[in-house]
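Below is run.txt, holding compact mmCIF, C-alpha atoms.
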```txt
# COMPACT_ATOMS: atom_id res chain seq x y z
CA MET A 1 5.37 -1.94 -16.59
CA SER A 2 5.76 -5.09 -18.65
CA ALA A 3 9.20 -3.80 -19.64
CA ILE A 4 10.21 -3.84 -15.98
CA LEU A 5 8.97 -7.40 -15.53
CA ARG A 6 10.74 -8.53 -18.67
CA ALA A 7 13.97 -6.90 -17.52
CA LEU A 8 13.71 -8.52 -14.09
CA LEU A 9 12.92 -11.93 -15.54
CA TYR A 10 15.81 -11.60 -17.99
CA ARG A 11 18.13 -10.60 -15.15
CA ASP A 12 17.08 -13.57 -13.00
CA LEU A 13 17.52 -16.04 -15.82
CA LEU A 14 20.88 -14.51 -16.72
CA LEU A 15 22.01 -14.78 -13.10
CA ALA A 16 20.83 -18.39 -13.00
CA TRP A 17 22.79 -19.09 -16.16
CA ARG A 18 25.95 -17.50 -14.74
CA ARG A 19 25.49 -19.60 -11.60
CA ARG A 20 24.49 -22.81 -13.34
CA SER A 21 26.02 -24.94 -10.61
CA ASP A 22 23.43 -23.67 -8.11
CA VAL A 23 20.65 -24.79 -10.40
CA ALA A 24 22.37 -28.12 -11.04
CA THR A 25 22.63 -28.88 -7.30
CA THR A 26 18.86 -28.56 -6.89
CA VAL A 27 18.13 -30.81 -9.83
CA LEU A 28 20.75 -33.38 -8.82
CA PHE A 29 19.42 -33.38 -5.28
CA PHE A 30 16.02 -34.32 -6.66
CA VAL A 31 17.48 -37.06 -8.87
CA ILE A 32 19.51 -38.57 -6.03
CA VAL A 33 16.80 -38.49 -3.37
CA VAL A 34 14.32 -40.16 -5.72
CA SER A 35 16.90 -42.75 -6.75
CA LEU A 36 17.78 -43.67 -3.16
CA PHE A 37 14.36 -45.15 -2.46
CA PRO A 38 14.41 -48.05 -4.94
CA LEU A 39 17.90 -48.88 -3.66
CA GLY A 40 16.83 -48.77 -0.03
CA VAL A 41 13.43 -50.43 -0.30
CA GLY A 42 14.57 -53.20 -2.61
CA PRO A 43 13.31 -54.55 -5.93
CA GLU A 44 9.71 -55.22 -5.14
CA PRO A 45 7.60 -53.79 -7.99
CA GLY A 46 4.30 -53.65 -6.13
CA LEU A 47 5.69 -51.73 -3.19
CA LEU A 48 7.70 -49.37 -5.40
CA ARG A 49 4.65 -48.59 -7.51
CA THR A 50 2.71 -47.76 -4.33
CA ILE A 51 5.28 -45.41 -2.85
CA ALA A 52 6.33 -43.75 -6.13
CA PRO A 53 3.92 -40.77 -6.11
CA GLY A 54 4.67 -39.87 -2.52
CA VAL A 55 8.43 -40.23 -2.88
CA ILE A 56 8.62 -38.16 -6.04
CA TRP A 57 6.40 -35.45 -4.62
CA VAL A 58 8.27 -35.24 -1.30
CA ALA A 59 11.58 -35.05 -3.17
CA ALA A 60 10.17 -32.26 -5.33
CA LEU A 61 9.06 -30.42 -2.20
CA LEU A 62 12.52 -30.65 -0.65
CA ALA A 63 14.33 -29.73 -3.85
CA SER A 64 12.12 -26.71 -4.38
CA MET A 65 12.72 -25.65 -0.79
CA LEU A 66 16.51 -25.95 -1.12
CA ALA A 67 16.63 -23.09 -3.59
CA LEU A 68 14.28 -20.84 -1.62
CA THR A 69 16.95 -19.26 0.58
CA ARG A 70 18.57 -17.85 -2.55
CA MET A 71 15.36 -16.24 -3.69
CA PHE A 72 15.75 -12.82 -2.00
CA GLU A 73 18.88 -13.32 0.11
CA SER A 74 21.46 -11.88 -2.29
CA ASP A 75 19.13 -9.06 -3.36
CA HIS A 76 18.77 -8.21 0.31
CA ALA A 77 22.51 -8.32 0.98
CA ASP A 78 23.69 -6.24 -1.97
CA GLY A 79 20.99 -3.56 -1.82
CA THR A 80 19.13 -4.58 -4.98
CA LEU A 81 16.05 -5.26 -2.87
CA ASP A 82 15.88 -1.57 -1.90
CA GLN A 83 15.86 -0.70 -5.58
CA MET A 84 13.09 -3.23 -6.18
CA LEU A 85 11.06 -1.68 -3.36
CA LEU A 86 11.53 1.73 -5.01
CA ALA A 87 10.75 0.48 -8.51
CA ALA A 88 8.28 2.15 -10.82
CA ALA A 89 6.05 -0.95 -10.90
CA PRO A 90 3.99 -2.43 -8.07
CA LEU A 91 6.10 -4.74 -5.91
CA GLY A 92 3.50 -7.48 -6.22
CA MET A 93 4.21 -7.71 -9.94
CA LEU A 94 7.96 -7.81 -9.38
CA VAL A 95 7.68 -10.71 -6.95
CA ILE A 96 5.53 -12.63 -9.43
CA ALA A 97 8.35 -12.24 -11.95
CA ARG A 98 10.83 -13.35 -9.28
CA ALA A 99 8.76 -16.41 -8.34
CA PHE A 100 8.24 -17.28 -12.00
CA ALA A 101 12.00 -17.17 -12.61
CA HIS A 102 12.49 -19.38 -9.55
CA TRP A 103 9.99 -21.86 -10.93
CA LEU A 104 11.58 -21.86 -14.40
CA VAL A 105 14.98 -22.84 -13.02
CA THR A 106 13.93 -25.15 -10.16
CA GLY A 107 10.36 -26.30 -10.80
CA LEU A 108 10.29 -26.91 -14.53
CA PRO A 109 13.35 -29.24 -14.57
CA LEU A 110 11.61 -31.40 -11.95
CA VAL A 111 8.50 -31.64 -14.12
CA VAL A 112 10.63 -32.81 -17.04
CA LEU A 113 12.76 -35.24 -15.05
CA ALA A 114 10.05 -36.82 -12.91
CA PRO A 115 8.63 -39.13 -15.63
CA VAL A 116 12.14 -40.43 -16.35
CA LEU A 117 12.86 -41.07 -12.69
CA ALA A 118 9.47 -42.73 -12.31
CA LEU A 119 10.76 -45.60 -14.48
CA GLN A 120 12.83 -46.74 -11.50
CA PHE A 121 9.57 -47.31 -9.66
CA ASP A 122 8.04 -49.26 -12.52
CA LEU A 123 5.22 -46.73 -12.74
CA PRO A 124 2.93 -47.67 -15.66
CA ALA A 125 3.54 -45.52 -18.73
CA GLY A 126 -0.10 -44.41 -18.66
CA LEU A 127 0.47 -42.65 -15.35
CA LEU A 128 3.49 -40.63 -16.46
CA PRO A 129 1.46 -37.77 -18.02
CA THR A 130 -0.55 -37.57 -14.80
CA LEU A 131 2.67 -37.34 -12.79
CA ALA A 132 4.12 -34.61 -15.00
CA GLY A 133 0.79 -32.76 -15.05
CA SER A 134 0.40 -32.78 -11.29
CA LEU A 135 3.94 -31.44 -10.87
CA LEU A 136 3.36 -28.86 -13.58
CA LEU A 137 0.42 -27.45 -11.62
CA GLY A 138 1.90 -28.07 -8.19
CA THR A 139 5.48 -26.77 -8.43
CA PRO A 140 4.44 -23.15 -9.17
CA VAL A 141 2.40 -23.30 -5.94
CA LEU A 142 5.56 -24.42 -4.14
CA SER A 143 7.52 -21.48 -5.58
CA LEU A 144 4.85 -18.94 -4.65
CA VAL A 145 4.20 -20.25 -1.15
CA GLY A 146 7.92 -20.76 -0.57
CA ALA A 147 8.58 -17.16 -1.55
CA ILE A 148 6.39 -16.02 1.35
CA GLY A 149 8.61 -17.97 3.74
CA ALA A 150 11.78 -16.72 2.05
CA ALA A 151 10.59 -13.12 2.41
CA LEU A 152 9.58 -13.59 6.04
CA THR A 153 12.90 -15.13 7.10
CA LEU A 154 14.99 -12.62 5.19
CA GLY A 155 18.02 -11.42 7.12
CA LEU A 156 17.43 -13.74 10.09
CA ARG A 157 20.21 -15.80 11.58
CA GLY A 158 19.56 -19.49 11.02
CA GLY A 159 16.86 -18.52 8.58
CA GLY A 160 17.34 -21.72 6.58
CA ILE A 161 15.95 -24.10 9.19
CA LEU A 162 13.25 -21.67 10.18
CA LEU A 163 12.28 -21.40 6.53
CA ALA A 164 11.86 -25.19 6.33
CA LEU A 165 9.72 -25.25 9.48
CA LEU A 166 7.61 -22.42 8.16
CA VAL A 167 7.16 -23.55 4.60
CA LEU A 168 6.93 -27.35 4.69
CA PRO A 169 3.58 -27.40 6.57
CA LEU A 170 2.22 -24.96 4.00
CA TYR A 171 3.26 -27.38 1.26
CA VAL A 172 1.03 -30.13 2.70
CA PRO A 173 -2.13 -29.39 0.66
CA ALA A 174 -0.17 -29.42 -2.60
CA LEU A 175 1.55 -32.66 -1.53
CA ILE A 176 -1.68 -34.46 -0.63
CA ILE A 177 -3.57 -33.41 -3.74
CA GLY A 178 -0.57 -33.82 -6.06
CA ALA A 179 0.36 -37.32 -4.89
CA GLY A 180 -3.32 -38.19 -4.63
CA ALA A 181 -3.80 -37.43 -8.31
CA LEU A 182 -1.63 -40.43 -9.20
CA ASP A 183 -3.41 -42.77 -6.83
CA ALA A 184 -6.73 -41.68 -8.26
CA ALA A 185 -5.51 -42.20 -11.80
CA ALA A 186 -4.03 -45.63 -10.90
CA SER A 187 -7.30 -46.79 -9.37
CA GLY A 188 -9.16 -45.82 -12.53
CA GLN A 189 -11.10 -42.93 -11.00
CA GLY A 190 -9.31 -40.40 -13.14
CA ALA A 191 -7.30 -37.48 -11.80
CA GLN A 192 -9.51 -34.70 -13.04
CA ALA A 193 -10.80 -33.69 -9.60
CA HIS A 194 -7.25 -33.51 -8.28
CA PHE A 195 -6.10 -31.43 -11.22
CA LEU A 196 -8.96 -29.01 -10.63
CA LEU A 197 -8.04 -28.75 -6.96
CA LEU A 198 -4.37 -28.14 -7.86
CA THR A 199 -5.45 -25.43 -10.29
CA ALA A 200 -7.55 -23.86 -7.56
CA LEU A 201 -4.53 -23.92 -5.24
CA LEU A 202 -2.43 -22.28 -7.94
CA VAL A 203 -5.01 -19.54 -8.50
CA LEU A 204 -5.28 -18.98 -4.76
CA ALA A 205 -1.51 -18.79 -4.32
CA GLY A 206 -1.15 -16.57 -7.39
CA ALA A 207 -3.71 -14.14 -6.01
CA PHE A 208 -2.62 -13.90 -2.40
CA ALA A 209 1.08 -14.84 -2.24
CA PRO A 210 2.35 -11.71 -4.08
CA TRP A 211 0.52 -9.56 -1.59
CA ALA A 212 1.98 -11.43 1.40
CA ILE A 213 5.48 -11.49 -0.10
CA SER A 214 5.40 -7.73 -0.77
CA ALA A 215 4.32 -7.00 2.79
CA ALA A 216 7.07 -9.23 4.21
CA LEU A 217 9.71 -7.64 1.97
CA ARG A 218 8.69 -4.13 3.00
CA ILE A 219 8.97 -5.10 6.67
CA SER A 220 12.42 -6.59 6.11
CA ALA A 221 13.64 -3.28 4.64
CA GLU A 222 12.73 -1.26 7.72
CA MET B 223 8.87 19.78 -3.96
CA LEU B 224 9.81 17.48 -1.11
CA GLU B 225 8.62 18.25 2.40
CA ALA B 226 9.40 16.56 5.68
CA HIS B 227 6.89 17.24 8.39
CA GLU B 228 7.59 16.54 12.09
CA LEU B 229 9.61 13.45 11.21
CA GLU B 230 10.67 11.15 14.00
CA ALA B 231 12.68 7.95 13.80
CA THR B 232 13.69 5.56 16.55
CA ARG B 233 16.08 2.67 16.75
CA GLY B 234 15.20 0.37 19.61
CA ASP B 235 14.58 2.66 22.58
CA ALA B 236 16.73 5.50 21.28
CA THR B 237 15.19 8.39 19.39
CA LEU B 238 17.38 9.27 16.42
CA PHE B 239 15.66 12.51 15.56
CA THR B 240 12.30 14.05 16.34
CA GLY B 241 10.27 16.98 15.09
CA LEU B 242 12.40 17.24 11.98
CA GLY B 243 10.94 19.38 9.25
CA PHE B 244 12.21 21.01 6.07
CA THR B 245 11.09 21.91 2.58
CA LEU B 246 13.18 21.15 -0.46
CA ARG B 247 12.37 23.21 -3.54
CA PRO B 248 13.54 22.56 -7.10
CA GLY B 249 17.17 23.48 -7.54
CA THR B 250 18.00 23.00 -3.87
CA LEU B 251 20.67 20.82 -2.34
CA LEU B 252 19.94 19.25 1.04
CA ARG B 253 23.04 18.32 3.01
CA VAL B 254 22.49 15.95 5.90
CA THR B 255 25.31 15.96 8.42
CA GLY B 256 25.81 14.24 11.73
CA ALA B 257 28.07 11.85 13.60
CA ASN B 258 28.10 8.10 12.92
CA GLY B 259 24.87 6.58 14.17
CA SER B 260 23.04 9.91 14.31
CA GLY B 261 20.41 8.65 11.89
CA LYS B 262 21.51 10.02 8.51
CA THR B 263 20.78 6.80 6.66
CA SER B 264 17.48 6.38 8.54
CA LEU B 265 16.45 9.87 7.49
CA LEU B 266 17.30 9.15 3.86
CA ARG B 267 15.45 5.84 3.95
CA ALA B 268 12.45 7.61 5.47
CA LEU B 269 12.59 10.20 2.68
CA CYS B 270 12.62 7.36 0.13
CA GLY B 271 9.72 5.59 1.77
CA LEU B 272 11.75 2.50 2.68
CA LEU B 273 11.46 3.23 6.38
CA LEU B 274 8.20 4.10 8.06
CA PRO B 275 8.93 7.07 10.36
CA SER B 276 7.55 6.57 13.87
CA ALA B 277 5.86 9.95 13.58
CA GLY B 278 5.38 12.61 10.93
CA GLU B 279 5.24 12.25 7.20
CA VAL B 280 7.11 12.96 3.99
CA ARG B 281 5.24 14.77 1.24
CA TRP B 282 5.99 15.02 -2.44
CA ASN B 283 4.27 17.97 -4.12
CA GLY B 284 1.92 18.15 -1.16
CA GLU B 285 0.91 14.50 -1.02
CA ASN B 286 2.07 11.86 1.43
CA ILE B 287 4.56 9.53 -0.27
CA ARG B 288 2.84 6.55 1.46
CA ALA B 289 -0.19 7.28 -0.70
CA LEU B 290 1.74 8.12 -3.87
CA ARG B 291 3.97 5.01 -3.83
CA GLU B 292 5.00 4.22 -7.45
CA GLU B 293 4.05 7.72 -8.58
CA TYR B 294 6.71 9.06 -6.20
CA TRP B 295 9.28 6.36 -6.86
CA LYS B 296 9.12 7.13 -10.57
CA CYS B 297 10.62 10.53 -9.70
CA LEU B 298 13.35 9.18 -7.44
CA ALA B 299 16.91 7.98 -7.92
CA TYR B 300 18.28 6.43 -4.73
CA VAL B 301 21.88 5.33 -4.34
CA GLY B 302 22.17 3.72 -0.94
CA HIS B 303 25.00 2.51 1.22
CA ALA B 304 24.97 -0.78 -0.62
CA ASN B 305 25.83 -0.56 -4.29
CA ALA B 306 22.95 -2.71 -5.54
CA LEU B 307 25.29 -4.42 -7.98
CA LYS B 308 24.97 -8.08 -8.89
CA ASP B 309 28.38 -9.73 -8.69
CA ASP B 310 27.69 -11.99 -11.65
CA LEU B 311 26.56 -9.25 -14.01
CA THR B 312 28.76 -6.75 -15.79
CA ALA B 313 28.68 -3.05 -14.95
CA GLU B 314 26.69 -2.45 -18.12
CA GLU B 315 24.10 -5.13 -17.36
CA ASN B 316 23.78 -3.81 -13.81
CA LEU B 317 23.16 -0.33 -15.13
CA LYS B 318 20.50 -1.59 -17.54
CA VAL B 319 18.65 -3.50 -14.81
CA ALA B 320 18.78 -0.53 -12.44
CA CYS B 321 17.33 1.76 -15.11
CA ALA B 322 14.67 -0.76 -16.07
CA LEU B 323 13.56 -1.00 -12.44
CA SER B 324 12.97 2.73 -12.33
CA GLY B 325 10.88 2.41 -15.46
CA ARG B 326 13.30 3.70 -18.07
CA SER B 327 15.26 2.02 -20.80
CA VAL B 328 18.75 3.11 -21.73
CA SER B 329 20.34 2.54 -25.09
CA ALA B 330 23.68 0.78 -25.34
CA ALA B 331 25.30 4.09 -26.34
CA GLN B 332 23.88 5.91 -23.31
CA SER B 333 25.02 3.30 -20.85
CA ARG B 334 28.49 3.17 -22.41
CA LEU B 335 28.73 6.94 -22.16
CA ALA B 336 27.64 6.86 -18.52
CA LEU B 337 30.20 4.21 -17.63
CA GLU B 338 32.88 6.04 -19.57
CA SER B 339 32.23 9.24 -17.66
CA PHE B 340 32.99 7.26 -14.50
CA GLY B 341 36.23 5.87 -15.87
CA LEU B 342 34.93 2.35 -16.37
CA VAL B 343 36.04 2.21 -19.98
CA GLY B 344 37.06 -1.27 -21.03
CA ARG B 345 35.72 -2.66 -17.79
CA SER B 346 32.08 -2.59 -18.75
CA HIS B 347 32.27 -6.23 -19.81
CA LEU B 348 33.87 -7.41 -16.60
CA ALA B 349 31.66 -9.07 -13.98
CA ALA B 350 31.14 -6.70 -11.07
CA ARG B 351 32.93 -9.13 -8.75
CA ALA B 352 36.18 -8.38 -10.58
CA LEU B 353 35.94 -4.65 -9.87
CA SER B 354 37.63 -2.91 -6.96
CA GLN B 355 35.62 -1.31 -4.16
CA GLY B 356 35.96 2.15 -5.67
CA GLN B 357 35.09 0.91 -9.14
CA ARG B 358 31.98 -0.80 -7.79
CA ARG B 359 30.93 2.48 -6.23
CA ARG B 360 31.53 4.20 -9.55
CA ALA B 361 29.44 1.61 -11.37
CA ALA B 362 26.59 2.23 -8.90
CA LEU B 363 26.86 6.01 -9.28
CA ALA B 364 26.96 5.75 -13.08
CA ARG B 365 23.16 5.46 -12.77
CA LEU B 366 23.10 9.17 -12.02
CA ALA B 367 24.57 9.95 -15.42
CA VAL B 368 21.42 8.48 -17.03
CA SER B 369 18.99 9.83 -14.41
CA GLU B 370 18.66 13.44 -15.59
CA ALA B 371 14.93 12.90 -16.03
CA LEU B 372 14.36 11.95 -12.39
CA PRO B 373 13.82 15.14 -10.39
CA LEU B 374 14.89 13.86 -6.96
CA TRP B 375 18.25 12.26 -6.21
CA ILE B 376 18.86 10.79 -2.78
CA LEU B 377 22.47 9.79 -2.26
CA ASP B 378 23.77 8.07 0.86
CA GLU B 379 27.50 8.69 1.32
CA PRO B 380 28.10 8.91 -2.43
CA PHE B 381 31.77 9.78 -2.00
CA ALA B 382 32.73 6.78 0.14
CA ALA B 383 35.57 4.78 -1.45
CA LEU B 384 35.84 7.18 -4.41
CA ASP B 385 39.07 8.82 -5.58
CA ALA B 386 39.36 12.58 -6.12
CA LYS B 387 38.50 12.40 -9.80
CA ALA B 388 35.32 10.41 -9.28
CA VAL B 389 34.29 12.66 -6.40
CA GLU B 390 34.62 15.60 -8.76
CA GLN B 391 32.53 13.78 -11.36
CA VAL B 392 29.71 13.11 -8.89
CA GLN B 393 29.83 16.70 -7.67
CA SER B 394 29.61 18.09 -11.18
CA LEU B 395 26.70 15.74 -12.02
CA ALA B 396 24.89 16.89 -8.88
CA GLY B 397 25.66 20.53 -9.76
CA GLU B 398 24.24 20.11 -13.26
CA HIS B 399 21.19 18.38 -11.84
CA LEU B 400 20.54 21.29 -9.46
CA ALA B 401 21.10 23.81 -12.25
CA ARG B 402 18.34 22.24 -14.34
CA GLY B 403 15.92 22.40 -11.41
CA GLY B 404 16.47 18.99 -9.84
CA MET B 405 16.72 18.26 -6.14
CA VAL B 406 19.61 16.48 -4.45
CA VAL B 407 19.70 15.06 -0.95
CA LEU B 408 23.04 13.73 0.22
CA THR B 409 25.03 12.76 3.26
CA SER B 410 28.77 12.96 3.43
CA HIS B 411 31.58 13.12 5.93
CA GLN B 412 33.81 14.84 3.44
CA GLU B 413 33.89 18.49 2.55
CA MET B 414 31.90 18.78 -0.63
CA ASN B 415 31.96 21.29 -3.33
CA VAL B 416 28.70 21.07 -5.25
CA ALA B 417 27.80 24.10 -7.30
CA ALA B 418 24.44 25.01 -5.78
CA THR B 419 22.67 28.33 -5.57
CA SER B 420 20.50 27.22 -2.70
CA VAL B 421 21.55 24.86 0.06
CA THR B 422 19.60 23.56 3.04
CA ASP B 423 21.54 22.00 5.89
CA VAL B 424 20.17 19.46 8.32
CA ASN B 425 22.38 18.56 11.24
CA LEU B 426 21.30 15.52 13.21
CA ASP B 427 23.73 16.07 16.11
CA ARG B 428 21.98 17.42 19.12
```
As structure tokens, the full file:
Amino acid sequence: MSAILRALLYRDLLLAWRRRSDVATTVLFFVIVVSLFPLGVGPEPGLLRTIAPGVIWVAALLASMLALTRMFESDHADGTLDQMLLAAAPLGMLVIARAFAHWLVTGLPLVVLAPVLALQFDLPAGLLPTLAGSLLLGTPVLSLVGAIGAALTLGLRGGGILLALLVLPLYVPALIIGAGALDAAASGQGAQAHFLLLTALLVLAGAFAPWAISAALRISAE
Amino acid sequence: MLEAHELEATRGDATLFTGLGFTLRPGTLLRVTGANGSGKTSLLRALCGLLLPSAGEVRWNGENIRALREEYWKCLAYVGHANALKDDLTAEENLKVACALSGRSVSAAQSRLALESFGLVGRSHLAARALSQGQRRRAALARLAVSEALPLWILDEPFAALDAKAVEQVQSLAGEHLARGGMVVLTSHQEMNVAATSVTDVNLDR
């Protein structure tokens, strides 16, 4: 079974590499959205420091969502999804591999870039590990929860907007806890409670999302 | 042994077929015929377990395939209407992924041989998007050349877009598969000439 997952992960990463521009658009979108705020709000360090966590997290949310439509769409269109549904391994495992590949190419770059972009907001250097850590725990949740929406809207006309309406509200807990981690760390409380909550969210999503995604994919094939 | 019991499928309000039953024993070819829209693809998808029939059940060696799931799919090679090829991967990479999904690994030599038998020599390193329609179909069907171990083949319009030589190749592969005790289910609008000692026909036209 692990051979199947490895093969699927390898395939997804290979496809991402062959379509590097798709990956680059997501990352650039994140960079540009985050950079627009200091330009729009103006050079006021106090204000920028206050809005930084929220802005970076919202941009990460949107960037992660941008790539969701691609998650199952092409597999659905070219018939590969049927082969995945008929695979020799449980579908739940295959979708975990799929979501993990999605996170590697869209979530992980955000985790790496966020501390650099945070410099524009004059975020204290001591908070940068907290920022990266919260994104490291939070972005996999976005990929897993987003995959549920992507599977549910598969093959629908205008699925893109519907996907946003469906998924963004589900992102709210991750957003509140993730951005809150920075505020807590800045006020000297420490972000440990928030990290634990994010981990709990990740465990919850990891346990239940594959099941929901599989069910949605099976319905879309009928 | 594959059994269909009182199968019924509907599309919207229309009933495609109802009360359909047959038994497919090792070494038997099942030909599904019918006009466009008569439900051939739906029947095949129901046999695969992709489509939940509105009534009846499909059994594999006596057990409902809904309960068997992966156990059944391990025995199945399905080539659908769509080719299941990734445009950005080469024919060889596509073949490897398809085999991995069904739980097998193919060596480089095996996959090259399979692609060669379908006349894709020298094109195995071309991205699938650069292949013609017929070549894409060939690349999809090349999976059969490395699927001897899977007892049940379900092929939806395998001959569509193929030239005479490739049609012959698919027919001979299916013939060999039947000869070694495999089972083949296929739909086709063309006259086919598969060497089979035992043939079951299902006609969906009423």
* To do: Counting all atoms listed in the file, select every polymer residue within 8 Å of (13.9, 1.7, -5.7) as defined in the file's coordinates, and provide the selection as number ranges by chain.
  => A: 81-88; B: 295, 298-300, 323-324
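Nearest to Tyr294 of chain B of all the residues B:Leu395, B:Val280, B:Val368, B:Leu342 is B:Val280, counting all atoms listed in the file.
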For the interface of chain B with chain A (cut-off 6 Å, counting all atoms listed in the file), please tabulate each contacting residue of chain B alongside its nearest pair of atoms and their separation in Å to one decimal, rows sorted by chain and increasing number, as JSON lines.
```
{"residue": "B:Leu273", "atom": "CA", "partner": "A:Glu222", "partner_atom": "CA", "distance": 4.9}
{"residue": "B:Glu292", "atom": "CA", "partner": "A:Ala88", "partner_atom": "CA", "distance": 5.1}
{"residue": "B:Trp295", "atom": "CA", "partner": "A:Leu86", "partner_atom": "CA", "distance": 5.5}
{"residue": "B:Lys296", "atom": "CA", "partner": "A:Ala88", "partner_atom": "CA", "distance": 5.1}
{"residue": "B:Ala304", "atom": "CA", "partner": "A:Gly79", "partner_atom": "CA", "distance": 5.0}
{"residue": "B:Ala306", "atom": "CA", "partner": "A:Gly79", "partner_atom": "CA", "distance": 4.3}
{"residue": "B:Ala322", "atom": "CA", "partner": "A:Ile4", "partner_atom": "CA", "distance": 5.4}
{"residue": "B:Leu323", "atom": "CA", "partner": "A:Ala87", "partner_atom": "CA", "distance": 5.1}
{"residue": "B:Ser324", "atom": "CA", "partner": "A:Ala87", "partner_atom": "CA", "distance": 5.0}
{"residue": "B:Gly325", "atom": "CA", "partner": "A:Ala88", "partner_atom": "CA", "distance": 5.3}
```
* Name all residues at most 9 Å from Arg402 of chain B (count only C-alpha atoms; drop same-chain ones fewer than 2 positions away) and give them as a ChimeraX atom specification. => /B:248-249,370,397-400,404
* Record the distance separating atom CA of Ile96 of chain A and atom CA of Leu137 of chain A, expressed in Å with one decimal. =>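 Atom CA of Ile96 of chain A sits 15.8 Å away from atom CA of Leu137 of chain A.
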* Asked: Suppose you want the space between atom CA of Leu196 of chain A and atom CA of Ala209 of chain A; what is it in Å?
  ->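 Taking atom CA of Leu196 of chain A and atom CA of Ala209 of chain A, their separation equals 19.3 Å.
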* **Ref. answer, residues at most 9 Å from (-9.0, -30.3, -3.2) with only C-alpha atoms, as a list of chain:residue names** => A:Pro173, A:Ala174, A:Ile176, A:Ile177, A:Ala193, A:His194, A:Phe195, A:Leu196, A:Leu197, A:Leu198, A:Ala200, A:Leu201
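We find atom CA of Pro38 of chain A and atom CA of Pro115 of chain A to be spaced 15.1 Å apart.
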* Leaving out segment 214-217 of chain A and any residue of its chain fewer than 5 positions from it, which residues lie within 7 Å of it when counting only C-alpha atoms, given as JSON, numbers by chain? -> {"A": [91, 92, 151, 152]}
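Compared by their closest atoms to Ser333 of chain B, and using all atoms listed in the file, the residues B:Arg351, B:Arg365, B:Arg360, B:Lys308 rank with B:Arg365 nearest.
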* Asked: Using all atoms listed in the file, which of B:Leu265, B:Leu384, B:Leu335, B:Asp310 sits nearest Ala349 of chain B?
  -> B:Asp310
* Mind checking which residues fall within 8 Å of Leu348 of chain B, counting only C-alpha atoms, ignoring those fewer than 3 positions away in the same chain, and posting them as a VMD selection string? => chain B and resid 311 to 313 345 352 to 353
* Within 9 Å of segment 120-134 of chain A, counting all atoms listed in the file, which residues show up once you throw out same-chain ones fewer than 2 positions away? Write them as a ChimeraX atom specification, please. => /A:34-35,37-38,43,45-53,110-118,136-139,177-179,181-182,185-186,191,194-195,198
Padding 3 Å on every side, please: axis-aligned box over the listed atoms of segment 223-239 of chain B, centre and edge lengths to one decimal in Å, as AutoDock Vina command-line options.
```
--center_x 12.1 --center_y 10.1 --center_z 9.3 --size_x 16.5 --size_y 25.4 --size_z 32.5
```
* Selection: 6 Å around Arg253 of chain B, all atoms listed in the file, excl. self and same-chain fewer than 2 positions, as a ChimeraX atom specification -> /B:408-409,423
* **Counting all atoms listed in the file, the residue of A:Ala164, A:Val33, A:Gly155, A:Val141 that sits nearest Glu73 of chain A** =>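 The answer is A:Gly155, which sits nearest to Glu73 of chain A.
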* Asked: Which of these, B:Ala289, B:Val301, B:Thr419, B:Arg326, has the shortest distance to Arg247 of chain B once you count only C-alpha atoms?
  -> B:Thr419
* From the set A:Val55, A:Leu144, A:Ala184, A:Ala24, which residue has the shortest atom-to-atom contact distance to Leu36 of chain A, counting all atoms listed in the file? -> A:Val55
